Each structure stands twice: as structure tokens, then as C-alpha cells.
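A.B. asks: So here's protein_38.cif (mmCIF, C-alpha atoms).
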data_my_file
loop_
_atom_site.label_atom_id
_atom_site.label_comp_id
_atom_site.auth_asym_id
_atom_site.auth_seq_id
_atom_site.Cartn_x
_atom_site.Cartn_y
_atom_site.Cartn_z
CA MET A 21 87.38 103.53 66.83
CA ASN A 22 87.63 105.94 69.76
CA ARG A 23 88.81 103.12 72.03
CA THR A 24 91.57 102.25 69.53
CA LEU A 25 92.74 105.84 69.39
CA THR A 26 92.69 106.10 73.18
CA ASN A 27 94.77 102.96 73.59
CA ALA A 28 97.26 104.22 71.01
CA ALA A 29 97.52 107.55 72.83
CA ILE A 30 98.17 105.83 76.16
CA LEU A 31 100.89 103.68 74.58
CA PHE A 32 102.51 106.73 72.99
CA ILE A 33 102.44 108.72 76.23
CA SER A 34 103.92 105.88 78.28
CA MET A 35 106.78 105.11 75.87
CA PRO A 36 109.24 107.80 77.09
CA VAL A 37 108.96 106.47 80.67
CA TRP A 38 109.80 102.96 79.46
CA VAL A 39 112.72 104.19 77.40
CA THR A 40 114.07 106.21 80.34
CA ALA A 41 113.90 103.19 82.64
CA GLN A 42 115.78 101.10 80.11
CA ASP A 43 118.46 103.80 79.75
CA THR A 44 119.37 103.81 83.45
CA LYS A 45 122.90 102.56 83.97
CA TYR A 46 124.34 101.59 87.34
CA LEU A 47 127.99 102.40 87.99
CA THR A 48 128.81 99.17 89.76
CA GLU A 49 132.60 99.72 89.63
CA LYS A 50 132.63 103.21 91.12
CA LYS A 51 134.16 103.34 94.60
CA GLY A 52 131.96 104.63 97.41
CA LYS A 53 132.33 105.56 101.05
CA TRP A 54 130.93 104.53 104.42
CA SER A 55 129.04 106.94 106.68
CA LEU A 56 127.26 106.44 110.01
CA TYR A 57 124.38 108.58 111.27
CA ASN A 58 122.37 108.51 114.47
CA ASN A 59 118.83 109.88 114.64
CA ILE A 60 118.47 109.26 118.39
CA GLN A 61 118.45 112.75 119.88
CA GLU A 62 118.28 111.96 123.62
CA LYS A 63 121.35 113.24 125.45
CA THR A 64 121.02 111.33 128.73
CA ALA A 65 123.90 109.19 130.00
CA GLU A 66 121.81 106.07 129.32
CA PHE A 67 121.27 106.93 125.66
CA THR A 68 124.87 108.07 125.25
CA ALA A 69 125.96 104.61 126.39
CA TYR A 70 123.37 102.95 124.13
CA ASN A 71 124.49 104.92 121.08
CA LYS A 72 128.07 103.85 121.76
CA ASN A 73 127.01 100.19 121.96
CA VAL A 74 124.99 100.28 118.72
CA THR A 75 127.77 102.17 116.95
CA ALA A 76 130.14 99.35 117.93
CA ILE A 77 127.77 96.85 116.26
CA ALA A 78 127.60 98.96 113.10
CA GLU A 79 131.38 99.14 112.99
CA TRP A 80 131.62 95.39 113.53
CA PHE A 81 129.63 94.78 110.33
CA HIS A 82 131.57 97.54 108.58
CA HIS A 83 134.92 95.86 109.22
CA LYS A 84 133.85 92.21 109.05
CA ILE A 85 132.16 92.31 105.65
CA PRO A 86 134.38 93.31 102.69
CA LEU A 87 131.46 94.81 100.73
CA LEU A 88 130.79 97.22 103.60
CA ALA A 89 134.45 97.90 104.35
CA SER A 90 135.14 98.94 100.75
CA PRO A 91 131.84 99.95 99.11
CA LYS A 92 131.82 99.71 95.33
CA GLY A 93 128.82 100.73 93.26
CA PHE A 94 127.26 102.70 96.11
CA ASP A 95 127.78 104.97 99.08
CA LEU A 96 126.89 103.12 102.27
CA ASN A 97 124.66 105.25 104.49
CA THR A 98 124.28 103.45 107.82
CA THR A 99 121.70 104.91 110.21
CA ILE A 100 120.66 104.13 113.79
CA PHE A 101 116.92 104.68 114.12
CA GLY A 102 115.32 104.98 117.55
CA MET A 103 111.96 103.32 118.13
CA TRP A 104 109.49 105.07 120.44
CA ASP A 105 106.23 103.67 121.77
CA ASP A 106 104.85 104.54 125.21
CA ASN A 107 102.72 101.39 125.33
CA TYR A 108 105.75 99.26 124.46
CA LYS A 109 107.64 100.69 127.42
CA LYS A 110 104.79 99.86 129.81
CA ARG A 111 104.78 96.14 129.03
CA ALA A 112 106.43 94.01 131.70
CA CYS A 113 108.34 91.92 129.15
CA ASN A 114 110.33 94.91 127.86
CA TYR A 115 113.47 96.29 129.46
CA ALA A 116 116.33 97.30 127.17
CA ILE A 117 116.34 100.30 124.82
CA ARG A 118 115.48 99.20 121.29
CA SER A 119 116.41 100.48 117.84
CA GLN A 120 116.81 99.56 114.20
CA LEU A 121 120.13 99.61 112.34
CA VAL A 122 119.69 100.28 108.61
CA PHE A 123 122.33 99.89 105.89
CA ASN A 124 121.29 101.98 102.87
CA PHE A 125 122.97 101.21 99.54
CA GLU A 126 122.86 104.58 97.74
CA LEU A 127 123.56 103.28 94.23
CA PHE A 128 125.56 105.29 91.72
CA LEU A 129 123.77 105.61 88.39
CA VAL A 130 123.53 107.47 85.13
CA GLU A 131 120.05 108.49 84.04
CA ASN A 132 119.26 110.57 80.94
CA GLY A 133 122.99 111.08 80.50
CA LYS A 134 123.40 112.59 83.96
CA GLU A 135 125.26 110.93 86.83
CA SER A 136 123.40 110.84 90.15
CA LYS A 137 122.80 108.70 93.22
CA TRP A 138 119.78 106.75 94.52
CA VAL A 139 119.11 108.40 97.89
CA VAL A 140 115.32 108.19 98.34
CA GLU A 141 114.42 104.75 99.70
CA PRO A 142 117.42 103.01 98.15
CA PRO A 143 117.99 99.24 98.43
CA HIS A 144 118.78 98.46 102.05
CA TRP A 145 119.27 95.82 104.71
CA SER A 146 118.39 96.24 108.38
CA PHE A 147 117.90 94.47 111.67
CA TYR A 148 116.46 95.13 115.13
CA ILE A 149 118.22 95.50 118.46
CA ASN A 150 116.56 94.70 121.82
CA ASN A 151 113.16 94.61 120.10
CA THR A 152 110.71 92.03 121.49
CA HIS A 153 108.39 92.61 118.51
CA ALA A 154 110.98 91.12 116.13
CA GLY A 155 112.19 87.63 115.23
CA HIS A 156 108.74 86.09 114.95
CA GLY A 157 105.31 86.60 113.41
CA THR A 158 103.28 89.74 114.00
CA ASN A 159 102.02 90.45 117.50
CA PHE A 160 98.28 90.03 117.91
CA TYR A 161 96.27 93.22 117.50
CA TYR A 162 92.96 93.98 119.19
CA GLU A 163 91.12 97.27 118.93
CA GLY A 164 91.27 99.12 122.20
CA TYR A 165 89.46 102.00 123.85
CA LYS A 166 87.42 104.19 121.49
CA VAL A 167 87.49 107.77 122.73
CA GLN A 168 84.39 108.77 120.75
CA ASP A 169 82.29 105.69 121.53
CA ASP A 170 83.30 104.26 124.91
CA PRO A 171 82.68 105.71 128.38
CA PRO A 172 85.85 106.84 130.21
CA ALA A 173 85.45 104.03 132.75
CA LEU A 174 86.37 101.50 130.04
CA GLU A 175 89.72 103.08 129.16
CA ALA A 176 91.81 101.43 131.91
CA PRO A 177 90.31 97.92 131.46
CA PHE A 178 90.80 98.13 127.69
CA GLU A 179 94.41 99.28 128.03
CA LYS A 180 95.19 96.35 130.30
CA ALA A 181 93.34 93.76 128.17
CA THR A 182 94.83 94.88 124.85
CA ALA A 183 98.35 95.10 126.34
CA THR A 184 98.03 91.52 127.60
CA LEU A 185 96.92 90.24 124.20
CA ALA A 186 99.64 92.25 122.45
CA ASP A 187 102.21 90.13 124.29
CA LEU A 188 101.17 87.13 122.19
CA PHE A 189 102.61 86.21 118.80
CA ALA A 190 102.87 83.19 116.52
CA VAL A 191 106.34 81.65 116.21
CA PHE A 192 107.72 80.12 113.04
CA PRO A 193 109.18 76.62 113.52
CA PHE A 194 112.73 76.28 114.81
CA GLU A 195 115.07 75.29 111.97
CA LYS A 196 118.56 75.00 113.40
CA GLU A 197 121.16 76.20 115.85
CA ILE A 198 123.86 77.88 113.82
CA ALA A 199 125.99 78.44 116.91
CA SER A 200 125.45 78.82 120.63
CA GLY A 201 123.33 81.95 120.93
CA VAL A 202 122.39 82.02 117.21
CA HIS A 203 119.11 80.34 116.25
CA LEU A 204 117.37 80.29 112.88
CA TYR A 205 113.57 80.03 112.71
CA GLY A 206 111.27 79.64 109.74
CA ASN A 207 110.63 82.47 107.28
CA GLY A 208 114.23 83.65 107.69
CA ASN A 209 114.03 84.81 111.32
CA LEU A 210 117.49 84.82 112.89
CA VAL A 211 117.69 85.49 116.64
CA ILE A 212 120.96 86.30 118.42
CA PHE A 213 120.76 86.01 122.19
CA ASN A 214 122.51 85.12 125.43
CA PRO A 215 122.26 81.32 125.82
CA ASP A 216 123.10 81.61 129.52
CA ARG A 217 119.81 83.40 130.20
CA PRO A 218 116.31 81.83 130.49
CA PRO A 219 114.49 81.25 127.13
CA PHE A 220 113.56 84.50 125.37
CA TRP A 221 110.17 83.08 124.30
CA VAL A 222 107.87 81.01 126.50
CA PRO A 223 104.75 79.04 125.49
CA VAL A 224 101.25 79.83 126.71
CA THR A 225 98.37 77.41 127.22
CA VAL A 226 95.05 77.40 125.43
CA LYS A 227 93.41 78.35 128.73
CA GLU A 228 95.66 81.42 129.14
CA VAL A 229 94.81 82.64 125.65
CA MET A 230 91.08 81.98 126.04
CA ASP A 231 91.03 83.77 129.39
CA MET A 232 92.67 86.80 127.79
CA LYS A 233 90.13 86.80 124.96
CA LEU A 234 87.16 86.43 127.29
CA THR A 235 88.39 89.28 129.46
CA TYR A 236 88.79 91.49 126.41
CA TYR A 237 85.37 90.73 124.93
CA SER A 238 83.62 91.13 128.27
CA ILE A 239 84.53 94.81 128.49
CA ARG A 240 82.40 96.32 125.72
CA PRO A 241 78.71 95.40 126.25
CA SER A 242 77.81 95.34 122.54
CA GLU A 243 80.50 92.74 121.85
CA LYS A 244 79.85 90.78 125.02
CA GLU A 245 76.48 89.67 123.70
CA ILE A 246 77.97 88.19 120.52
CA LEU A 247 81.66 87.29 120.63
CA TYR A 248 81.91 86.79 124.37
CA THR A 249 78.99 84.38 124.33
CA TYR A 250 80.44 82.50 121.34
CA LEU A 251 83.91 82.22 122.88
CA LYS A 252 82.55 81.23 126.28
CA LYS A 253 80.60 78.39 124.69
CA ALA A 254 83.73 77.21 122.84
CA TYR A 255 85.74 77.48 126.06
CA ASP A 256 83.20 75.39 128.02
CA GLU A 257 83.27 72.69 125.34
CA MET A 258 87.07 72.29 125.49
CA SER A 259 88.43 69.41 127.52
CA THR A 260 90.75 70.00 130.45
CA GLU A 261 93.50 68.35 128.44
CA GLU A 262 93.13 70.81 125.55
CA LEU A 263 92.86 73.84 127.83
CA ASN A 264 96.14 72.92 129.51
CA ALA A 265 97.90 72.15 126.22
CA PRO A 266 100.34 74.58 124.53
CA ALA A 267 98.40 77.06 122.39
CA TYR A 268 98.59 77.06 118.60
CA TYR A 269 97.16 79.64 116.24
CA GLY A 270 94.06 78.66 114.26
CA SER A 271 90.65 77.02 114.53
CA GLU A 272 88.14 75.40 112.20
CA ASP A 273 85.57 78.18 112.70
CA GLY A 274 88.10 80.97 112.07
CA ILE A 275 86.83 82.83 115.16
CA VAL A 276 88.29 81.17 118.25
CA GLN A 277 91.75 81.14 116.56
CA VAL A 278 93.44 78.98 119.19
CA ASN A 279 93.77 75.23 119.62
CA GLY A 280 95.67 72.67 121.64
CA LYS A 281 96.03 70.17 118.80
CA LYS A 282 99.39 71.47 117.47
CA GLU A 283 97.65 72.76 114.35
CA GLY A 284 99.23 75.95 112.96
CA LEU A 285 102.04 78.03 114.45
CA GLN A 286 102.67 77.92 118.18
CA ILE A 287 101.63 80.95 120.23
CA MET A 288 104.30 82.38 122.50
CA LYS A 289 105.05 85.49 124.54
CA PHE A 290 108.34 87.19 125.32
CA ASN A 291 109.85 86.07 128.61
CA LYS A 292 110.42 89.05 130.92
CA ASP A 293 112.97 86.95 132.82
CA TYR A 294 115.21 86.69 129.76
CA TRP A 295 116.63 90.17 130.39
CA ASP A 296 119.67 90.41 132.63
CA ARG A 297 118.51 93.41 134.64
CA SER A 298 121.85 93.67 136.41
CA LEU A 299 123.01 95.17 133.09
CA PRO A 300 121.88 98.70 132.16
CA ALA A 301 119.02 99.19 129.69
CA SER A 302 121.66 100.43 127.24
CA ALA A 303 123.24 96.97 126.94
CA ILE A 304 122.73 94.91 123.77
CA GLN A 305 120.99 91.69 124.84
CA LEU A 306 118.94 90.66 121.77
CA ILE A 307 119.33 91.05 118.00
CA CYS A 308 116.76 89.89 115.43
CA MET A 309 117.30 89.96 111.68
CA TYR A 310 115.90 88.53 108.46
CA TYR A 311 118.39 86.08 107.03
CA SER A 312 118.42 83.99 103.87
CA SER A 313 121.08 82.67 101.52
CA ASN A 314 120.40 82.90 97.80
CA ASN A 315 122.11 80.62 95.34
CA ASP A 316 124.08 81.78 92.31
CA GLU A 317 121.13 81.28 89.97
CA GLU A 318 118.90 83.55 92.04
CA MET A 319 121.62 86.20 92.26
CA GLN A 320 122.09 86.14 88.49
CA GLU A 321 118.33 86.43 87.96
CA TYR A 322 118.24 89.46 90.27
CA MET A 323 121.09 91.09 88.34
CA LYS A 324 119.32 90.45 85.06
CA ASN A 325 116.06 91.98 86.27
CA ASN A 326 117.48 94.96 88.19
CA LYS A 327 120.75 95.76 86.36
CA HIS A 328 122.67 95.88 89.63
CA PRO A 329 123.71 93.26 92.21
CA ASN A 330 121.53 92.34 95.16
CA TYR A 331 123.78 94.09 97.66
CA ALA A 332 121.63 93.24 100.68
CA GLN A 333 121.87 89.56 99.84
CA LEU A 334 125.61 89.81 99.26
CA VAL A 335 125.95 91.22 102.77
CA LYS A 336 123.87 88.41 104.27
CA ASN A 337 125.93 85.82 102.39
CA ALA A 338 129.13 87.26 103.90
CA ILE A 339 128.05 87.48 107.57
CA PRO A 340 130.24 85.33 109.83
CA LEU A 341 127.22 83.74 111.51
CA ASN A 342 129.27 81.83 114.09
CA GLU A 343 130.59 85.12 115.47
CA LEU A 344 127.27 86.95 115.88
CA ALA A 345 126.73 85.86 119.49
CA GLY A 346 129.79 87.91 120.40
CA LEU A 347 127.72 91.06 119.82
CA ILE A 348 125.54 90.26 122.85
CA GLN A 349 126.73 91.94 126.02
CA LYS A 350 127.05 89.97 129.24
CA LYS A 351 128.20 90.57 132.79
CA GLU A 352 131.97 90.70 133.12
#
Would you mind writing the file's structure down as C-alpha cells?

C.D. replies:
Amino acid sequence: MNRTLTNAAILFISMPVWVTAQDTKYLTEKKGKWSLYNNIQEKTAEFTAYNKNVTAIAEWFHHKIPLLASPKGFDLNTTIFGMWDDNYKKRACNYAIRSQLVFNFELFLVENGKESKWVVEPPHWSFYINNTHAGHGTNFYYEGYKVQDDPPALEAPFEKATATLADLFAVFPFEKEIASGVHLYGNGNLVIFNPDRPPFWVPVTVKEVMDMKLTYYSIRPSEKEILYTYLKKAYDEMSTEELNAPAYYGSEDGIVQVNGKKEGLQIMKFNKDYWDRSLPASAIQLICMYYSSNNDEEMQEYMKNNKHPNYAQLVKNAIPLNELAGLIQKKE
């Protein structure tokens, strides 16, 4: 009896929330405006030039895509976000200044009879500029130096070993070349690059990956006895052919996590020679974005479930993909 009363009370309490959600109306015909903000505060000449370059990209999308040129149903808040990471800067494969460009669709709505705007984490679409961590699977993560547990002498070796492993990532299969300098990879990873430069990703061998792992696990004595010994045994049992083969992510034991049998996603690292270092670090040399094209049925289903269009998808559908390579800066 008490359980029945409790359930009834919970249902009664939750009903106003449900009713409120159902009463929300989106003003999809109301005209909005475009605005551009920059949260990068550095005032050096290098960052001033970079901000100008990224602003030009934002304006390119603004003018090329009708939905962004004449917002309707939302105010378009476009923001340039800087990305700071001291360890990222130290890695040899990184050169150009990186950032994220975010298009926020601040939807107009009426809720509880009052007109307002969705400004806290509204629907959005974004992409990365000059970011070597983008366009592929997640970079590998290994726990580094532990200030409370490890002696100071281990800090430098750990920093070097973890930075080396952090250069590795699994790449989704190549799907197609949309245009010269515009490649689509699996899971919706679109990479825009300079086709006149060396490849932006380069493969690594099983031996390279195993050597990195063995170096890492040899640093901390407690782990050397277990994982180092296990990996060294696996390494010694691999044939020369497999060790010299391109590395792929995965293994039957779930511990070694690398093989030369083309099983799983291929392991790559960013090519430091891709960057044209005759250009300043403020130049735009790489853009990575998530791209997909929904069909009409999926768009209608989204509208039915959310009561407003999928604006991010509408933007992606309207991108002139063949022109994207023109955003990459090259030597004159």
C-alpha cells in the first residue's frame, strides 16, 4: 500500500515538468542575427594575425551558407575558442596555433507563455583548426608521473615516454576523396589539408609501438615486474615480419593491443613534416570536422522528436565541400 502511494506521489510531482516540456514552442519563423566573438585574449602580433585568419573562415561559412547568412528561428552566436595545453606545444609534430570554431544556434522559444532564447549550451556545430588531435580516433593515454608516489628522478623519463605514446592514434578507414585536399574518413571525420605537402598522418610499425610501450613500462619498478615482463615476452615471440608490419590496434589477449595482421584500426601518428614552416604559426594549414549527411526521413524524425529543425545538420548539408580546400593557406 505504501509503495502504491509513493509511486502515485512521484507521478503527481513529475507531471508539471512533463506538461511544461510539452508546452515549449519554438519560433522557427522569427528572424535572427549573426554575431562573432573571440575568446582568445593574447595581443601579440602572431595571435592578431591568427584571429584575422580564423575570422575570415567564420565569415566564409557565414556568407556561403544561406542558413547562416540569414538566420531564422535562432540567433547565431559564432565563437572562436582558443585551445591551450603546454604538453601539446612541446610535441615535435605540432606547429601551428590551434582553435575551435563553434556555431551556436540560440533558438527562439516560448515557454510557460513567456518568450525567451536558448543560450545555455544550445544546439551547435563546430570544427577544429590546426589541431593534430582531431580528425581521427582518440589519442592513446598513459598515466604519467605521480607526484605523490614516484621519486623526482622519474618525472623526466615519464614525460618523454607518455608524450611519445600520446602521438599515436587509431585512424578510421579512408572512405573517399571529395576533392583535392578534402578527404572523408570513417565515423564522419572530414580532413581539409594542403595536398601539396607530405601526408599529414604516417603509419608506425608494430616494433615502434612495442618499443614505446616497453620503454614506458620499464620506468616504474612495480609495473616492470608485471606488464613489462608480459609485453617483453609477447615482443620476443613476434616474428620479424610482424614487427616490421604496419601497426593495427587490438590483440587477442586485450593487453598487448597492437598487431601486424591488419586486424582493427590502423595506428598512425601526425607527421611533423606536413607543416609548411615557411608560413607563420598563425596560418591555417589543417581543418578537421565531423561531417554527415542525413536523409529527409531522418530530418523529419528529428523535427518530430525535438519540435525544431536540426540546424547543425542543415548547415552540414549546405557546405560546398568542393570549395573547402580553398580555406587552407599556402605560400604565394

A.B. asks: What are the closest atom pairs, with distances in Å to one decimal, for all residues of region 184-246 of chain A lying within 6 Å of region 280-292 of chain A? Consider only C-alpha atoms, order rows by chain and residue number, and present the result as a Markdown table.

C.D. replies:
| residue | atom | partner | partner_atom | distance |
| --- | --- | --- | --- | --- |
| A:Asp187 | CA | A:Lys289 | CA | 5.4 |
| A:Leu188 | CA | A:Lys289 | CA | 4.8 |
| A:Phe189 | CA | A:Ile287 | CA | 5.5 |
| A:Ala190 | CA | A:Ile287 | CA | 4.5 |
| A:Val191 | CA | A:Gln286 | CA | 5.6 |
| A:Phe220 | CA | A:Asn291 | CA | 5.2 |
| A:Trp221 | CA | A:Phe290 | CA | 4.6 |
| A:Val222 | CA | A:Met288 | CA | 5.5 |
| A:Pro223 | CA | A:Met288 | CA | 4.5 |
| A:Val224 | CA | A:Met288 | CA | 5.8 |

A.B. asks: Using all atoms listed in the file, pick whichever of A:Ile239, A:Met103, A:Ala89, A:Leu344 has the shortest atom-to-atom distance to Gly164 (chain A).

C.D. replies: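 For Gly164 (chain A), the nearest of the given residues is A:Ile239.
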
A.B. asks: Skipping near chain neighbours, those fewer than 4 positions away, what residues fall within 10 Å of region 296-298 of chain A using all atoms listed in the file, listed as a PDB file with C-alpha atoms, keeping the file's coordinate frame?

C.D. replies:
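Result saved to part_16.pdb:
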ATOM      1  CA  TYR A 115     113.470  96.290 129.460  1.00  0.00           C
ATOM      2  CA  ALA A 116     116.330  97.300 127.170  1.00  0.00           C
ATOM      3  CA  ASN A 214     122.510  85.120 125.430  1.00  0.00           C
ATOM      4  CA  ASP A 216     123.100  81.610 129.520  1.00  0.00           C
ATOM      5  CA  ARG A 217     119.810  83.400 130.200  1.00  0.00           C
ATOM      6  CA  PRO A 218     116.310  81.830 130.490  1.00  0.00           C
ATOM      7  CA  LYS A 292     110.420  89.050 130.920  1.00  0.00           C
ATOM      8  CA  ALA A 303     123.240  96.970 126.940  1.00  0.00           C
ATOM      9  CA  GLN A 305     120.990  91.690 124.840  1.00  0.00           C
ATOM     10  CA  GLN A 349     126.730  91.940 126.020  1.00  0.00           C
ATOM     11  CA  LYS A 350     127.050  89.970 129.240  1.00  0.00           C
ATOM     12  CA  LYS A 351     128.200  90.570 132.790  1.00  0.00           C
TER      13      LYS A 351
END

A.B. asks: Name the closest residue to Ile339 (chain A) among the candidates A:Glu62, A:Glu272, A:Phe81, A:Asn314; distances are taken between atoms, counting all atoms listed in the file.

C.D. replies: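 Smallest distance to Ile339 (chain A) is found for A:Phe81.
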
A.B. asks: Work out how far apart CA of Tyr237 (chain A) and CA of Leu174 (chain A) are and give it in Å to one decimal.

C.D. replies: 12.0 Å

A.B. asks: To test your reading of the syntax: which residues would the PyMOL selection byres ((chain A and resi 234) around 9) return for the file shown? Reply as a PyMOL selection string.

C.D. replies: chain A and resi 229-233+235-239+244+247-249+251-252

A.B. asks: How would you write, as a PyMOL selection string, the residues chosen by the PyMOL selection byres ((chain A and resi 97) around 12) on this structure?

C.D. replies: chain A and resi 52-58+78+82+88+91+94-96+98-100+121-127+137-146

A.B. asks: What does the structure give for the distance between CA of Phe160 (chain A) and CA of Phe101 (chain A), in Å to one decimal?

C.D. replies: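 Interatomic distance, CA of Phe160 (chain A) to CA of Phe101 (chain A): 24.0 Å.
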
A.B. asks: What gap, in Å, lies between CA of Asn151 (chain A) and CA of Arg118 (chain A)?

C.D. replies: 5.3 Å

A.B. asks: Around (119.0, 89.1, 109.8) in the file's own coordinates, what residues are found within 9 Å if you use all atoms listed in the file, given back as number ranges by chain?

C.D. replies: A: 145-148, 155, 208-211, 307-312, 336

A.B. asks: For Leu306 (chain A), which residue among A:Phe192, A:Phe213, A:Tyr322, A:Tyr250 is the nearest when counting all atoms listed in the file?

C.D. replies: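 That would be A:Phe213, the residue with the smallest distance to Leu306 (chain A).
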
A.B. asks: I'd like the contact shell of Ala183 (chain A) - 8 Å cut-off, all atoms listed in the file, skipping same-chain residues fewer than 3 positions apart - returned as a tab-separated table (two decimals) with C-alpha atoms, keeping the file's coordinate frame.

C.D. replies:
chain	number	residue	atom	x	y	z
A	107	ASN	CA	102.72	101.39	125.33
A	111	ARG	CA	104.78	96.14	129.03
A	179	GLU	CA	94.41	99.28	128.03
A	180	LYS	CA	95.19	96.35	130.30
A	186	ALA	CA	99.64	92.25	122.45
A	187	ASP	CA	102.21	90.13	124.29

A.B. asks: Nearest to Gly93 (chain A): which of A:Ala181, A:Ala199, A:Leu47, A:Ala345 is it, counting all atoms listed in the file?

C.D. replies: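 Smallest distance to Gly93 (chain A) is found for A:Leu47.
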
A.B. asks: With only C-alpha atoms as the counted atoms, please give the residues lying no more than 7 Å from Lys92 (chain A), apart from itself and same-chain residues fewer than 2 positions off, as a PyMOL selection string.

C.D. replies: chain A and resi 48-52+90+94

A.B. asks: Quick one: region 105-127 of chain A with N, CA and C atoms, as a PDB file, keeping the file's coordinate frame?

C.D. replies:
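Result went into part.pdb, see below:
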ATOM      1  N   ASP A 105     107.605 104.138 121.597  1.00  0.00           N
ATOM      2  CA  ASP A 105     106.230 103.670 121.770  1.00  0.00           C
ATOM      3  C   ASP A 105     105.958 103.589 123.268  1.00  0.00           C
ATOM      4  N   ASP A 106     105.122 104.497 123.771  1.00  0.00           N
ATOM      5  CA  ASP A 106     104.850 104.540 125.210  1.00  0.00           C
ATOM      6  C   ASP A 106     104.235 103.240 125.711  1.00  0.00           C
ATOM      7  N   ASN A 107     103.355 102.643 124.908  1.00  0.00           N
ATOM      8  CA  ASN A 107     102.720 101.390 125.330  1.00  0.00           C
ATOM      9  C   ASN A 107     103.747 100.255 125.399  1.00  0.00           C
ATOM     10  N   TYR A 108     104.697 100.273 124.467  1.00  0.00           N
ATOM     11  CA  TYR A 108     105.750  99.260 124.460  1.00  0.00           C
ATOM     12  C   TYR A 108     106.549  99.321 125.763  1.00  0.00           C
ATOM     13  N   LYS A 109     106.852 100.523 126.206  1.00  0.00           N
ATOM     14  CA  LYS A 109     107.640 100.690 127.420  1.00  0.00           C
ATOM     15  C   LYS A 109     106.907 100.182 128.659  1.00  0.00           C
ATOM     16  N   LYS A 110     105.584 100.249 128.638  1.00  0.00           N
ATOM     17  CA  LYS A 110     104.790  99.860 129.810  1.00  0.00           C
ATOM     18  C   LYS A 110     104.715  98.345 129.995  1.00  0.00           C
ATOM     19  N   ARG A 111     104.942  97.589 128.939  1.00  0.00           N
ATOM     20  CA  ARG A 111     104.780  96.140 129.030  1.00  0.00           C
ATOM     21  C   ARG A 111     105.890  95.520 129.864  1.00  0.00           C
ATOM     22  N   ALA A 112     105.495  94.609 130.738  1.00  0.00           N
ATOM     23  CA  ALA A 112     106.430  94.010 131.700  1.00  0.00           C
ATOM     24  C   ALA A 112     107.557  93.239 131.028  1.00  0.00           C
ATOM     25  N   CYS A 113     107.325  92.750 129.802  1.00  0.00           N
ATOM     26  CA  CYS A 113     108.340  91.920 129.150  1.00  0.00           C
ATOM     27  C   CYS A 113     109.453  92.738 128.502  1.00  0.00           C
ATOM     28  N   ASN A 114     109.334  94.065 128.506  1.00  0.00           N
ATOM     29  CA  ASN A 114     110.330  94.910 127.860  1.00  0.00           C
ATOM     30  C   ASN A 114     111.237  95.574 128.891  1.00  0.00           C
ATOM     31  N   TYR A 115     112.509  95.676 128.539  1.00  0.00           N
ATOM     32  CA  TYR A 115     113.470  96.290 129.460  1.00  0.00           C
ATOM     33  C   TYR A 115     114.493  97.164 128.727  1.00  0.00           C
ATOM     34  N   ALA A 116     115.220  96.582 127.799  1.00  0.00           N
ATOM     35  CA  ALA A 116     116.330  97.300 127.170  1.00  0.00           C
ATOM     36  C   ALA A 116     115.836  98.293 126.113  1.00  0.00           C
ATOM     37  N   ILE A 117     116.629  99.324 125.871  1.00  0.00           N
ATOM     38  CA  ILE A 117     116.340 100.300 124.820  1.00  0.00           C
ATOM     39  C   ILE A 117     116.409  99.590 123.477  1.00  0.00           C
ATOM     40  N   ARG A 118     115.493  99.877 122.589  1.00  0.00           N
ATOM     41  CA  ARG A 118     115.480  99.200 121.290  1.00  0.00           C
ATOM     42  C   ARG A 118     115.731 100.181 120.149  1.00  0.00           C
ATOM     43  N   SER A 119     116.161  99.650 119.021  1.00  0.00           N
ATOM     44  CA  SER A 119     116.410 100.480 117.840  1.00  0.00           C
ATOM     45  C   SER A 119     116.473  99.603 116.604  1.00  0.00           C
ATOM     46  N   GLN A 120     116.629 100.252 115.468  1.00  0.00           N
ATOM     47  CA  GLN A 120     116.810  99.560 114.200  1.00  0.00           C
ATOM     48  C   GLN A 120     118.076 100.100 113.541  1.00  0.00           C
ATOM     49  N   LEU A 121     118.912  99.208 113.042  1.00  0.00           N
ATOM     50  CA  LEU A 121     120.130  99.610 112.340  1.00  0.00           C
ATOM     51  C   LEU A 121     119.928  99.330 110.860  1.00  0.00           C
ATOM     52  N   VAL A 122     120.006 100.383 110.044  1.00  0.00           N
ATOM     53  CA  VAL A 122     119.690 100.280 108.610  1.00  0.00           C
ATOM     54  C   VAL A 122     120.924 100.600 107.770  1.00  0.00           C
ATOM     55  N   PHE A 123     121.240  99.696 106.843  1.00  0.00           N
ATOM     56  CA  PHE A 123     122.330  99.890 105.890  1.00  0.00           C
ATOM     57  C   PHE A 123     121.717 100.244 104.539  1.00  0.00           C
ATOM     58  N   ASN A 124     121.848 101.504 104.130  1.00  0.00           N
ATOM     59  CA  ASN A 124     121.290 101.980 102.870  1.00  0.00           C
ATOM     60  C   ASN A 124     122.351 101.963 101.771  1.00  0.00           C
ATOM     61  N   PHE A 125     122.042 101.286 100.671  1.00  0.00           N
ATOM     62  CA  PHE A 125     122.970 101.210  99.540  1.00  0.00           C
ATOM     63  C   PHE A 125     122.551 102.291  98.527  1.00  0.00           C
ATOM     64  N   GLU A 126     123.194 103.457  98.615  1.00  0.00           N
ATOM     65  CA  GLU A 126     122.860 104.580  97.740  1.00  0.00           C
ATOM     66  C   GLU A 126     123.591 104.382  96.405  1.00  0.00           C
ATOM     67  N   LEU A 127     122.928 103.713  95.484  1.00  0.00           N
ATOM     68  CA  LEU A 127     123.560 103.280  94.230  1.00  0.00           C
ATOM     69  C   LEU A 127     123.950 104.446  93.341  1.00  0.00           C
TER      70      LEU A 127
END
